[in-house]
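Q: Got a structure for you, input_8.txt, holding compact mmCIF, C-alpha atoms (C1' of nucleotides).
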```txt
# COMPACT_ATOMS: atom_id res chain seq x y z
CA MET A 1 -134.28 53.35 -201.64
CA SER A 2 -130.64 53.63 -200.95
CA THR A 3 -129.50 54.89 -197.63
CA GLN A 4 -127.99 58.28 -197.87
CA LEU A 5 -125.09 58.58 -195.56
CA SER A 6 -124.70 55.86 -193.13
CA THR A 7 -121.44 55.49 -191.40
CA LYS A 8 -120.27 53.75 -194.48
CA GLN A 9 -120.88 55.56 -197.65
CA ALA A 10 -121.05 53.63 -200.83
CA SER A 11 -122.45 56.66 -202.53
CA ARG A 12 -119.75 59.16 -201.92
CA GLN A 13 -117.83 58.03 -204.98
CA SER A 14 -117.78 59.89 -208.21
CA PRO A 15 -120.02 58.42 -210.88
CA HIS A 16 -117.00 57.33 -212.88
CA THR A 17 -115.61 55.30 -210.05
CA ARG A 18 -119.00 53.90 -209.28
CA ALA A 19 -119.47 52.88 -212.89
CA PHE A 20 -116.07 51.29 -213.03
CA THR A 21 -116.44 49.40 -209.78
CA ARG A 22 -119.80 48.14 -210.84
CA LEU A 23 -118.41 47.08 -214.15
CA LEU A 24 -115.77 45.06 -212.36
CA ARG A 25 -118.24 43.40 -210.08
CA ALA A 26 -120.83 42.75 -212.73
CA HIS A 27 -118.17 41.18 -214.88
CA ALA A 28 -116.92 38.98 -212.07
CA ALA A 29 -120.39 37.89 -211.14
CA LEU A 30 -121.65 37.22 -214.65
CA THR A 31 -118.57 35.50 -215.96
CA GLY A 32 -118.35 33.48 -212.80
CA ARG A 33 -121.79 32.15 -213.29
CA LEU A 34 -121.83 31.81 -217.03
CA SER A 35 -118.38 30.40 -217.46
CA ALA A 36 -119.01 27.73 -214.88
CA GLU A 37 -122.03 26.69 -216.88
CA LEU A 38 -120.27 26.79 -220.20
CA GLN A 39 -117.33 24.90 -218.83
CA GLU A 40 -119.37 22.25 -217.17
CA GLU A 41 -121.82 21.59 -219.95
CA HIS A 42 -119.59 22.07 -222.95
CA GLY A 43 -116.01 22.30 -221.80
CA LEU A 44 -115.58 25.77 -223.20
CA THR A 45 -114.18 28.95 -221.76
CA ILE A 46 -116.11 32.11 -222.34
CA ASN A 47 -113.31 33.34 -224.52
CA ALA A 48 -113.22 30.08 -226.41
CA TYR A 49 -116.92 30.37 -227.01
CA GLU A 50 -116.53 33.94 -228.19
CA ALA A 51 -113.73 32.85 -230.48
CA LEU A 52 -115.87 30.18 -232.09
CA LEU A 53 -118.64 32.69 -232.42
CA ARG A 54 -116.47 35.20 -234.18
CA LEU A 55 -115.08 32.63 -236.53
CA SER A 56 -118.57 31.51 -237.37
CA ARG A 57 -119.45 35.03 -238.39
CA GLU A 58 -116.78 35.20 -241.02
CA GLU A 59 -117.75 34.28 -244.51
CA ASP A 60 -115.17 31.59 -244.79
CA SER A 61 -115.25 30.72 -241.11
CA GLN A 62 -111.70 31.78 -240.62
CA MET A 63 -109.69 34.62 -239.21
CA LYS A 64 -106.13 35.66 -238.82
CA ARG A 65 -104.99 34.96 -235.33
CA VAL A 66 -103.97 38.54 -234.78
CA ASP A 67 -107.38 39.78 -235.72
CA LEU A 68 -108.97 37.25 -233.47
CA ALA A 69 -106.77 38.48 -230.64
CA ARG A 70 -107.75 42.07 -231.21
CA SER A 71 -111.35 41.14 -231.50
CA LEU A 72 -111.32 39.32 -228.18
CA ILE A 73 -108.99 41.81 -226.53
CA LEU A 74 -106.43 39.17 -225.85
CA THR A 75 -102.73 39.09 -226.54
CA PRO A 76 -101.49 37.02 -229.46
CA SER A 77 -99.99 34.54 -227.06
CA GLY A 78 -103.27 34.16 -225.31
CA VAL A 79 -104.88 33.36 -228.62
CA THR A 80 -102.23 30.82 -229.47
CA ARG A 81 -102.82 28.96 -226.25
CA MET A 82 -106.54 29.13 -226.45
CA LEU A 83 -106.52 27.86 -230.00
CA ASP A 84 -104.17 25.07 -228.95
CA GLY A 85 -107.00 23.79 -226.87
CA LEU A 86 -109.62 24.23 -229.53
CA GLU A 87 -107.40 22.60 -232.13
CA GLY A 88 -106.77 19.71 -229.80
CA ALA A 89 -110.50 19.29 -229.46
CA GLY A 90 -110.90 19.45 -233.23
CA LEU A 91 -113.13 22.50 -233.11
CA VAL A 92 -110.74 24.72 -235.00
CA GLU A 93 -108.04 24.02 -237.52
CA ARG A 94 -105.14 25.89 -239.01
CA ALA A 95 -105.11 27.17 -242.53
CA GLU A 96 -102.31 28.83 -244.40
CA CYS A 97 -102.42 32.02 -246.33
CA PRO A 98 -101.11 31.53 -249.85
CA SER A 99 -99.95 35.09 -250.29
CA ASP A 100 -98.32 35.62 -246.90
CA ARG A 101 -96.77 32.73 -245.17
CA ARG A 102 -96.47 34.46 -241.84
CA ILE A 103 -100.20 34.31 -241.49
CA VAL A 104 -102.01 31.38 -240.02
CA TYR A 105 -105.75 31.37 -240.12
CA ALA A 106 -107.86 29.80 -237.45
CA ARG A 107 -110.72 28.09 -239.19
CA LEU A 108 -113.85 26.70 -237.65
CA THR A 109 -114.35 23.03 -238.35
CA GLU A 110 -117.68 21.35 -238.76
CA ALA A 111 -117.32 19.95 -235.28
CA GLY A 112 -116.59 23.45 -234.09
CA ARG A 113 -119.71 24.81 -235.64
CA ALA A 114 -121.74 22.04 -234.13
CA LYS A 115 -120.22 22.67 -230.74
CA LEU A 116 -120.90 26.38 -231.02
CA ASP A 117 -124.45 25.67 -231.92
CA ALA A 118 -124.97 23.31 -229.02
CA ALA A 119 -123.24 25.50 -226.50
CA GLY A 120 -124.92 28.60 -227.81
CA LYS A 121 -128.37 27.34 -227.03
CA SER A 122 -127.88 27.09 -223.30
CA HIS A 123 -125.43 29.95 -223.09
CA VAL A 124 -127.64 32.47 -224.82
CA GLU A 125 -130.52 31.27 -222.75
CA SER A 126 -128.58 31.85 -219.55
CA ILE A 127 -127.55 35.29 -220.65
CA ARG A 128 -131.11 36.15 -221.39
CA THR A 129 -132.26 34.88 -218.03
CA VAL A 130 -129.69 36.93 -216.18
CA PHE A 131 -130.33 40.13 -218.03
CA GLU A 132 -134.07 39.90 -218.23
CA GLY A 133 -134.25 39.10 -214.57
CA ALA A 134 -132.65 42.43 -213.83
CA LEU A 135 -133.48 44.87 -216.58
CA SER A 136 -136.25 45.67 -218.99
CA GLY A 137 -135.82 45.28 -222.71
CA PRO A 138 -135.06 48.91 -223.45
CA GLU A 139 -132.73 49.09 -220.50
CA ILE A 140 -130.75 46.18 -221.82
CA GLU A 141 -130.38 47.93 -225.14
CA ARG A 142 -129.39 51.12 -223.45
CA LEU A 143 -126.78 49.27 -221.44
CA ALA A 144 -125.40 47.64 -224.55
CA ASP A 145 -125.23 51.00 -226.29
CA LEU A 146 -123.42 52.66 -223.45
CA LEU A 147 -120.93 49.85 -223.09
CA GLU A 148 -120.37 49.92 -226.80
CA ARG A 149 -119.15 53.47 -226.59
CA LEU A 150 -116.42 52.80 -224.09
CA PRO A 151 -112.98 52.79 -225.66
CA LEU A 152 -111.64 49.39 -226.56
CA ALA A 153 -108.04 50.28 -227.24
CA ASP A 154 -105.35 52.39 -225.70
CA SER A 155 -105.83 56.00 -226.60
CA ASP A 156 -102.21 56.29 -227.58
CA ASP A 157 -102.85 53.60 -230.11
CA ALA A 158 -102.87 55.76 -233.16
CA ALA A 159 -105.37 54.16 -235.46
CA CYS A 160 -109.08 54.12 -234.91
CA ASP A 161 -109.26 50.71 -236.47
CA ALA A 162 -112.36 50.89 -238.50
CA ALA A 163 -111.80 47.25 -239.29
CA ASP A 164 -113.98 45.97 -236.53
CA MET B 1 -135.34 30.67 -231.21
CA SER B 2 -132.25 32.37 -232.16
CA THR B 3 -130.25 32.59 -235.01
CA GLN B 4 -128.49 30.68 -237.44
CA LEU B 5 -128.59 32.64 -240.58
CA SER B 6 -124.97 33.09 -240.73
CA THR B 7 -123.12 34.98 -243.12
CA LYS B 8 -122.02 37.95 -241.30
CA GLN B 9 -124.24 39.70 -238.92
CA ALA B 10 -122.72 41.46 -236.03
CA SER B 11 -125.97 43.18 -235.37
CA ARG B 12 -128.22 40.19 -235.54
CA GLN B 13 -127.55 39.31 -231.96
CA SER B 14 -130.13 39.68 -229.29
CA PRO B 15 -129.64 42.72 -227.10
CA HIS B 16 -128.75 40.49 -224.17
CA THR B 17 -125.92 38.87 -225.99
CA ARG B 18 -124.77 42.17 -227.32
CA ALA B 19 -124.78 43.66 -223.84
CA PHE B 20 -122.90 40.72 -222.43
CA THR B 21 -120.28 40.67 -225.14
CA ARG B 22 -119.73 44.36 -224.79
CA LEU B 23 -119.43 43.99 -221.06
CA LEU B 24 -116.72 41.42 -221.57
CA ARG B 25 -114.82 43.56 -223.99
CA ALA B 26 -115.19 46.77 -222.05
CA HIS B 27 -113.95 44.99 -218.98
CA ALA B 28 -110.95 43.56 -220.77
CA ALA B 29 -110.06 46.88 -222.33
CA LEU B 30 -110.50 49.00 -219.23
CA THR B 31 -108.83 46.65 -216.78
CA GLY B 32 -106.02 46.11 -219.21
CA ARG B 33 -105.30 49.76 -219.37
CA LEU B 34 -105.98 50.72 -215.79
CA SER B 35 -104.34 47.76 -214.15
CA ALA B 36 -101.16 48.30 -216.10
CA GLU B 37 -101.06 51.81 -214.78
CA LEU B 38 -101.87 50.87 -211.22
CA GLN B 39 -99.34 48.11 -211.29
CA GLU B 40 -96.60 50.18 -212.74
CA GLU B 41 -97.03 53.24 -210.61
CA HIS B 42 -98.02 51.69 -207.33
CA GLY B 43 -97.48 47.97 -207.54
CA LEU B 44 -101.13 47.22 -206.94
CA THR B 45 -103.60 44.97 -208.68
CA ILE B 46 -107.01 46.34 -209.37
CA ASN B 47 -108.42 43.91 -206.88
CA ALA B 48 -105.81 44.82 -204.33
CA TYR B 49 -106.74 48.44 -204.76
CA GLU B 50 -110.40 47.65 -204.38
CA ALA B 51 -109.64 45.65 -201.27
CA LEU B 52 -107.77 48.53 -199.67
CA LEU B 53 -110.61 50.81 -200.63
CA ARG B 54 -113.21 48.63 -199.01
CA LEU B 55 -111.21 48.23 -195.85
CA SER B 56 -110.79 51.98 -195.68
CA ARG B 57 -114.54 52.40 -195.73
CA GLU B 58 -115.09 50.32 -192.65
CA GLU B 59 -115.27 52.13 -189.37
CA ASP B 60 -112.44 50.22 -187.84
CA SER B 61 -110.63 49.69 -191.14
CA GLN B 62 -111.06 45.96 -190.95
CA MET B 63 -113.17 43.23 -192.43
CA LYS B 64 -113.62 39.50 -192.13
CA ARG B 65 -111.86 37.84 -194.97
CA VAL B 66 -114.99 36.08 -196.06
CA ASP B 67 -116.85 39.33 -196.29
CA LEU B 68 -114.05 40.87 -198.22
CA ALA B 69 -114.18 37.95 -200.63
CA ARG B 70 -117.90 38.34 -201.15
CA SER B 71 -117.52 42.03 -201.57
CA LEU B 72 -114.90 41.67 -204.27
CA ILE B 73 -116.56 38.62 -205.81
CA LEU B 74 -113.54 36.49 -205.22
CA THR B 75 -113.13 33.10 -203.63
CA PRO B 76 -111.79 32.88 -200.09
CA SER B 77 -108.59 31.41 -201.39
CA GLY B 78 -108.21 34.26 -203.80
CA VAL B 79 -108.50 36.66 -200.91
CA THR B 80 -105.95 34.75 -198.88
CA ARG B 81 -103.45 34.99 -201.71
CA MET B 82 -104.11 38.61 -202.45
CA LEU B 83 -103.83 39.54 -198.78
CA ASP B 84 -100.61 37.56 -198.56
CA GLY B 85 -99.16 40.09 -200.91
CA LEU B 86 -100.63 43.08 -199.15
CA GLU B 87 -99.48 41.78 -195.77
CA GLY B 88 -96.03 41.22 -197.13
CA ALA B 89 -96.00 44.82 -198.28
CA GLY B 90 -97.21 45.95 -194.89
CA LEU B 91 -100.38 47.49 -196.26
CA VAL B 92 -102.71 45.18 -194.39
CA GLU B 93 -102.38 43.24 -191.17
CA ARG B 94 -104.22 40.41 -189.49
CA ALA B 95 -106.38 40.85 -186.44
CA GLU B 96 -108.10 38.22 -184.38
CA CYS B 97 -111.66 38.12 -183.30
CA PRO B 98 -111.96 37.62 -179.56
CA SER B 99 -115.35 35.96 -179.72
CA ASP B 100 -114.75 33.61 -182.64
CA ARG B 101 -111.33 32.28 -183.22
CA ARG B 102 -112.04 31.06 -186.70
CA ILE B 103 -112.29 34.61 -187.83
CA VAL B 104 -109.33 36.61 -188.98
CA TYR B 105 -109.80 40.22 -189.83
CA ALA B 106 -107.87 41.98 -192.52
CA ARG B 107 -107.05 45.42 -191.21
CA LEU B 108 -105.70 48.36 -193.11
CA THR B 109 -102.43 49.67 -191.72
CA GLU B 110 -101.35 53.27 -191.79
CA ALA B 111 -99.04 52.45 -194.66
CA GLY B 112 -101.98 50.86 -196.40
CA ARG B 113 -104.10 53.94 -196.02
CA ALA B 114 -101.29 56.08 -197.33
CA LYS B 115 -100.79 53.79 -200.30
CA LEU B 116 -104.48 53.82 -201.06
CA ASP B 117 -104.45 57.55 -200.91
CA ALA B 118 -101.52 57.89 -203.25
CA ALA B 119 -102.71 55.28 -205.71
CA GLY B 120 -106.23 56.62 -205.62
CA LYS B 121 -105.24 59.97 -206.97
CA SER B 122 -103.90 58.76 -210.28
CA HIS B 123 -106.27 55.83 -210.52
CA VAL B 124 -109.41 57.87 -210.10
CA GLU B 125 -108.05 60.39 -212.50
CA SER B 126 -107.47 57.72 -215.13
CA ILE B 127 -110.93 56.35 -214.65
CA ARG B 128 -112.39 59.77 -215.08
CA THR B 129 -110.41 60.34 -218.24
CA VAL B 130 -111.53 57.11 -219.77
CA PHE B 131 -115.18 57.55 -218.96
CA GLU B 132 -115.46 61.21 -219.71
CA GLY B 133 -113.72 60.70 -223.00
CA ALA B 134 -116.51 58.40 -224.07
CA LEU B 135 -119.69 59.36 -222.28
CA SER B 136 -121.42 62.43 -220.93
CA GLY B 137 -122.00 62.91 -217.24
CA PRO B 138 -125.59 61.72 -217.19
CA GLU B 139 -124.68 58.79 -219.38
CA ILE B 140 -122.03 57.70 -216.94
CA GLU B 141 -124.54 57.78 -214.14
CA ARG B 142 -127.03 55.89 -216.21
CA LEU B 143 -124.42 53.28 -216.96
CA ALA B 144 -123.53 52.95 -213.30
CA ASP B 145 -127.18 52.58 -212.39
CA LEU B 146 -127.80 49.90 -214.97
CA LEU B 147 -124.72 47.95 -214.00
CA GLU B 148 -125.71 48.24 -210.40
CA ARG B 149 -128.90 46.39 -211.07
CA LEU B 150 -127.28 43.33 -212.53
CA PRO B 151 -127.29 40.41 -210.12
CA LEU B 152 -124.11 39.91 -208.18
CA ALA B 153 -124.77 36.46 -206.79
CA ASP B 154 -126.11 33.19 -208.06
CA SER B 155 -129.83 33.31 -208.23
CA ASP B 156 -130.03 29.93 -206.55
CA ASP B 157 -128.16 31.49 -203.71
CA ALA B 158 -131.03 31.79 -201.36
CA ALA B 159 -130.37 34.99 -199.50
CA CYS B 160 -130.68 38.43 -200.95
CA ASP B 161 -127.91 39.56 -198.68
CA ALA B 162 -129.14 42.85 -197.45
CA ALA B 163 -125.86 43.16 -195.67
CA ASP B 164 -124.14 44.96 -198.45
C1' DC C 1 -121.71 16.47 -172.37
C1' DG C 2 -120.43 14.09 -177.23
C1' DT C 3 -121.50 14.05 -181.95
C1' DG C 4 -122.83 15.69 -186.42
C1' DT C 5 -122.94 19.87 -189.31
C1' DA C 6 -121.91 24.50 -190.89
C1' DT C 7 -118.51 28.23 -191.18
C1' DT C 8 -113.83 30.30 -191.61
C1' DG C 9 -109.59 30.16 -193.44
C1' DT C 10 -105.44 28.01 -195.65
C1' DT C 11 -102.92 25.08 -198.89
C1' DG C 12 -101.66 22.25 -203.30
C1' DA C 13 -102.53 21.50 -207.98
C1' DC C 14 -104.18 23.50 -211.89
C1' DT C 15 -105.79 27.06 -215.54
C1' DA C 16 -105.90 31.19 -218.16
C1' DC C 17 -103.81 34.81 -219.14
C1' DG C 18 -99.95 38.61 -219.86
C1' DC C 19 -95.20 40.09 -220.88
C1' DA C 20 -90.99 39.79 -223.08
C1' DA C 21 -88.08 37.47 -226.05
C1' DA C 22 -87.32 34.74 -229.99
C1' DC C 23 -88.10 33.67 -234.53
C1' DA C 24 -89.96 33.56 -239.35
C1' DA C 25 -91.69 35.83 -243.21
C1' DC C 26 -92.45 39.80 -245.49
C1' DA C 27 -91.54 44.85 -247.16
C1' DC C 28 -88.94 48.61 -248.02
C1' DT C 29 -84.39 50.97 -248.89
C1' DG C 30 -80.11 51.76 -250.88
C1' DC D 1 -79.72 41.75 -253.27
C1' DA D 2 -77.88 42.67 -248.50
C1' DG D 3 -79.63 45.53 -244.46
C1' DT D 4 -83.23 47.03 -241.69
C1' DG D 5 -87.59 47.48 -240.00
C1' DT D 6 -92.40 45.51 -239.41
C1' DT D 7 -95.75 42.01 -238.73
C1' DG D 8 -97.48 37.33 -237.25
C1' DT D 9 -96.85 33.61 -234.24
C1' DT D 10 -94.93 30.87 -230.70
C1' DT D 11 -92.45 29.96 -226.27
C1' DG D 12 -90.59 30.56 -221.26
C1' DC D 13 -91.80 32.39 -217.24
C1' DG D 14 -94.56 34.90 -213.87
C1' DT D 15 -99.13 36.03 -211.80
C1' DA D 16 -103.91 35.99 -210.29
C1' DG D 17 -107.32 33.37 -209.85
C1' DT D 18 -110.14 28.75 -209.26
C1' DC D 19 -111.36 24.23 -207.08
C1' DA D 20 -110.84 20.43 -203.95
C1' DA D 21 -109.16 18.91 -199.71
C1' DC D 22 -108.14 20.13 -195.28
C1' DA D 23 -107.89 21.89 -190.14
C1' DA D 24 -109.92 24.37 -186.73
C1' DT D 25 -113.66 26.43 -184.55
C1' DA D 26 -118.63 27.13 -183.48
C1' DC D 27 -123.11 25.54 -182.83
C1' DA D 28 -127.29 22.51 -182.35
C1' DC D 29 -129.36 18.76 -180.45
C1' DG D 30 -129.62 13.90 -178.79
```
Show me, as structure tokens, the structure contained in the file I just sent.
A:
Amino acid sequence: MSTQLSTKQASRQSPHTRAFTRLLRAHAALTGRLSAELQEEHGLTINAYEALLRLSREEDSQMKRVDLARSLILTPSGVTRMLDGLEGAGLVERAECPSDRRIVYARLTEAGRAKLDAAGKSHVESIRTVFEGALSGPEIERLADLLERLPLADSDDAACDAAD
Amino acid sequence: MSTQLSTKQASRQSPHTRAFTRLLRAHAALTGRLSAELQEEHGLTINAYEALLRLSREEDSQMKRVDLARSLILTPSGVTRMLDGLEGAGLVERAECPSDRRIVYARLTEAGRAKLDAAGKSHVESIRTVFEGALSGPEIERLADLLERLPLADSDDAACDAAD
DNA sequence: CGTGTATTGTTGACTACGCAAACAACACTG
DNA sequence: CAGTGTTGTTTGCGTAGTCAACAATACACG
């Protein structure tokens, strides 16, 4: 199927590099498509959507901002700014921690849950379309598994954070 | 169709969603780490590096800017801005097309090739470290293959661009 | 020819993020 | 209980990217 060695050789790379490059491109392509959709139909960024999703998974629909940052692989400042938007839209609200006043929780509001629900329908559907158009069911699972095993933090970051 | 039994189910997601989320996170984690390195040691963005790499693969070390954009999954304006930087650093230069004066080629300079060479050494090494620390050889190839099959363009984009 | 239409590339205004610094609240130490 | 370090959050500034509007060229067809 693929041409072996033409004058230009896409295949001369090591598998690592190939995997990485493809990861970059796949990410650009998928987020490009999906974020446009999410933005247009619901006014949400992909990260904003993921934030709502993670909050919704917590028992009390709230999370420390730091944890949210780590979970999304964003810096704390990124989270602050993103939540600014979501708070402005009334999808998330702040909640204090009684025992530690440094901490501010981000809590999903009812409107936020509704928004997540609405956005999720089309978003999940789009994701499914994209993936199922390209890969078989088992392949999708295999892909998810492999991606899951890539390291999420700096290796020099001491802890192995079982908290996830 | 999907979902709402929420209390706390990270694993209740469909494989598509799981794959997508993991793709997002893996991308954020890897680019975060690798781009910091590339930036610090060589003053290059990941995309800038990839651009140099692609130019270096062309026979005459040059590419139409539009093609470069498509290849990197960037907008034309993004390419203009990125190349502004690379031109300023003398790593890339402009070249005209005699037959079509709309076209401007981006051409790798000698300095650009040298930079690519230097940056490539550490960059490729880092990539290898990251991937080999997490996956076995065959798994890396499998991952690359799966990622390769994800669609890179909008499906409503008519052509299947065999040009790649 | 001239006139629409598509393609190539650039620019201005904006967004989303990171980094570093600042700051507030806590936690330990003596 | 003052001093020092650590953690959580926000803020100023820089950067990389997008989109919309544009100019210039190419082409197709009356």
Q: Following superposition of chain A onto chain B on all C-alpha atoms, paired in order, what is the C-alpha RMSD to one decimal in Å?
A: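 3.4 Å is the C-alpha RMSD between the two chains.
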Q: Which one of A:Glu132, A:Ala36, A:Arg113, A:Leu74 sits closest to A:Arg57 if you count only C-alpha atoms?
A: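 Of the candidates, the smallest distance to A:Arg57 is held by A:Arg113.
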Q: Identify the residues around (-100.1, 27.6, -232.9) within a radius of 10 Å, measuring from all atoms listed in the file in the coordinates stated by the file, and give them as a list in words.
A: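 Answer for this query, in the requested form: Arg65, Ser77, Val79, Thr80, Arg81, Met82, Leu83, Asp84, Gly85, Glu87, Glu93, Arg94, Val104, Tyr105 and Ala106 of chain A; DT9 and DT10 of chain D.
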Q: Stretch 13-23 of chain D: which residues within 12 Å, counting all atoms listed in the file, same-chain residues fewer than 4 positions away excluded, as a ChimeraX atom specification?
A: /A:28,32,35-36 /B:45-48,73-82,85,102 /C:8-21
Q: Kindly provide, as a ChimeraX atom specification, the residues of chain B having any atom no farther than 7 Å from an atom of chain A, counting only C-alpha atoms.
A: /B:6-9,15-19,22-29,33,57-58,72-73,124,127-128,131,134,140-141,143-144,146-154
Q: Please report the interatomic distance between atom CA of A:Arg101 and atom C1' of C:DC23 in Å with one decimal.
A: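 These two atoms are separated by 13.8 Å.
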Q: Just the number, please: distance in Å from atom CA of A:Leu86 to atom CA of A:Pro98, one decimal.
A: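 Atom-to-atom, atom CA of A:Leu86 and atom CA of A:Pro98 are spaced 23.2 Å apart.
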Q: Can you tell me how far atom CA of A:Ala51 sits from atom CA of A:Asp100, in Å to one decimal?
A: 22.7 Å
Q: With all atoms listed in the file as the counted atoms, please give the residues lying no more than 12 Å from C:DG30, apart from itself and same-chain residues fewer than 3 positions off, as a JSON list (two decimals) with C-alpha atoms (C1' of nucleotides), in the coordinates of the input.
A:
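Final output, saved to part.json:
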```json
[["chain", "number", "residue", "atom", "x", "y", "z"],
["D", 1, "DC", "C1'", -79.72, 41.75, -253.27],
["D", 2, "DA", "C1'", -77.88, 42.67, -248.50],
["D", 3, "DG", "C1'", -79.63, 45.53, -244.46],
["D", 4, "DT", "C1'", -83.23, 47.03, -241.69]]
```
Q: Find the residue from B:Arg12, B:Ala95, B:Glu41, B:Lys64 that sits nearest to chain C; use only C-alpha atoms (C1' of nucleotides) when measuring.
A: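 So, comparing all the options, the nearest one is B:Lys64.
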Q: Find the residues near D:DG30: any atom within 12 Å, counting only C-alpha atoms (C1' of nucleotides), skip ones fewer than 6 places away on the same chain, and give them as a count of residues only.
A: 4
Q: Env of C:DT5: 12 Å cut, atoms = all atoms listed in the file, seq-sep filter 5 positions within chain, self excluded. Answer as a list of chain:residue names.
A: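 The neighbour list is D:DA26, D:DC27, D:DA28, D:DC29.
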Q: Using the partial input, fill out stretch 85-102 of chain A with N, CA and C atoms; write the result as a short mmCIF file (atom, residue, chain, number, x, y, z; two decimals), in the frame of the given file.
A:
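Final file, selection_9.cif:
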```
data_model
loop_
_atom_site.label_atom_id
_atom_site.label_comp_id
_atom_site.auth_asym_id
_atom_site.auth_seq_id
_atom_site.Cartn_x
_atom_site.Cartn_y
_atom_site.Cartn_z
N GLY A 85 -105.95 24.61 -227.45
CA GLY A 85 -107.00 23.79 -226.87
C GLY A 85 -108.08 23.45 -227.88
N LEU A 86 -108.53 24.45 -228.58
CA LEU A 86 -109.62 24.23 -229.53
C LEU A 86 -109.17 23.33 -230.68
N GLU A 87 -107.91 23.48 -231.08
CA GLU A 87 -107.40 22.60 -232.13
C GLU A 87 -107.33 21.16 -231.62
N GLY A 88 -106.85 21.03 -230.39
CA GLY A 88 -106.77 19.71 -229.80
C GLY A 88 -108.14 19.03 -229.75
N ALA A 89 -109.15 19.84 -229.53
CA ALA A 89 -110.50 19.29 -229.46
C ALA A 89 -111.13 19.16 -230.85
N GLY A 90 -110.40 19.59 -231.87
CA GLY A 90 -110.90 19.45 -233.23
C GLY A 90 -111.97 20.46 -233.60
N LEU A 91 -112.08 21.52 -232.84
CA LEU A 91 -113.13 22.50 -233.11
C LEU A 91 -112.64 23.58 -234.07
N VAL A 92 -111.35 23.69 -234.16
CA VAL A 92 -110.74 24.72 -235.00
C VAL A 92 -109.53 24.08 -235.68
N GLU A 93 -109.24 24.53 -236.88
CA GLU A 93 -108.04 24.02 -237.52
C GLU A 93 -107.24 25.16 -238.10
N ARG A 94 -106.00 24.87 -238.44
CA ARG A 94 -105.14 25.89 -239.01
C ARG A 94 -105.27 25.89 -240.52
N ALA A 95 -105.10 27.08 -241.07
CA ALA A 95 -105.11 27.17 -242.53
C ALA A 95 -104.07 28.21 -242.92
N GLU A 96 -103.36 27.92 -243.97
CA GLU A 96 -102.31 28.83 -244.40
C GLU A 96 -102.85 29.90 -245.32
N CYS A 97 -102.08 30.97 -245.40
CA CYS A 97 -102.42 32.02 -246.33
C CYS A 97 -101.45 31.91 -247.50
N PRO A 98 -101.98 31.77 -248.69
CA PRO A 98 -101.11 31.53 -249.85
C PRO A 98 -100.21 32.73 -250.16
N SER A 99 -100.70 33.91 -249.89
CA SER A 99 -99.95 35.09 -250.29
C SER A 99 -98.99 35.58 -249.21
N ASP A 100 -99.18 35.16 -247.99
CA ASP A 100 -98.32 35.62 -246.90
C ASP A 100 -98.13 34.49 -245.91
N ARG A 101 -96.95 33.94 -245.94
CA ARG A 101 -96.77 32.73 -245.17
C ARG A 101 -96.53 32.95 -243.69
N ARG A 102 -96.52 34.22 -243.28
CA ARG A 102 -96.47 34.46 -241.84
C ARG A 102 -97.81 34.13 -241.22
#
```
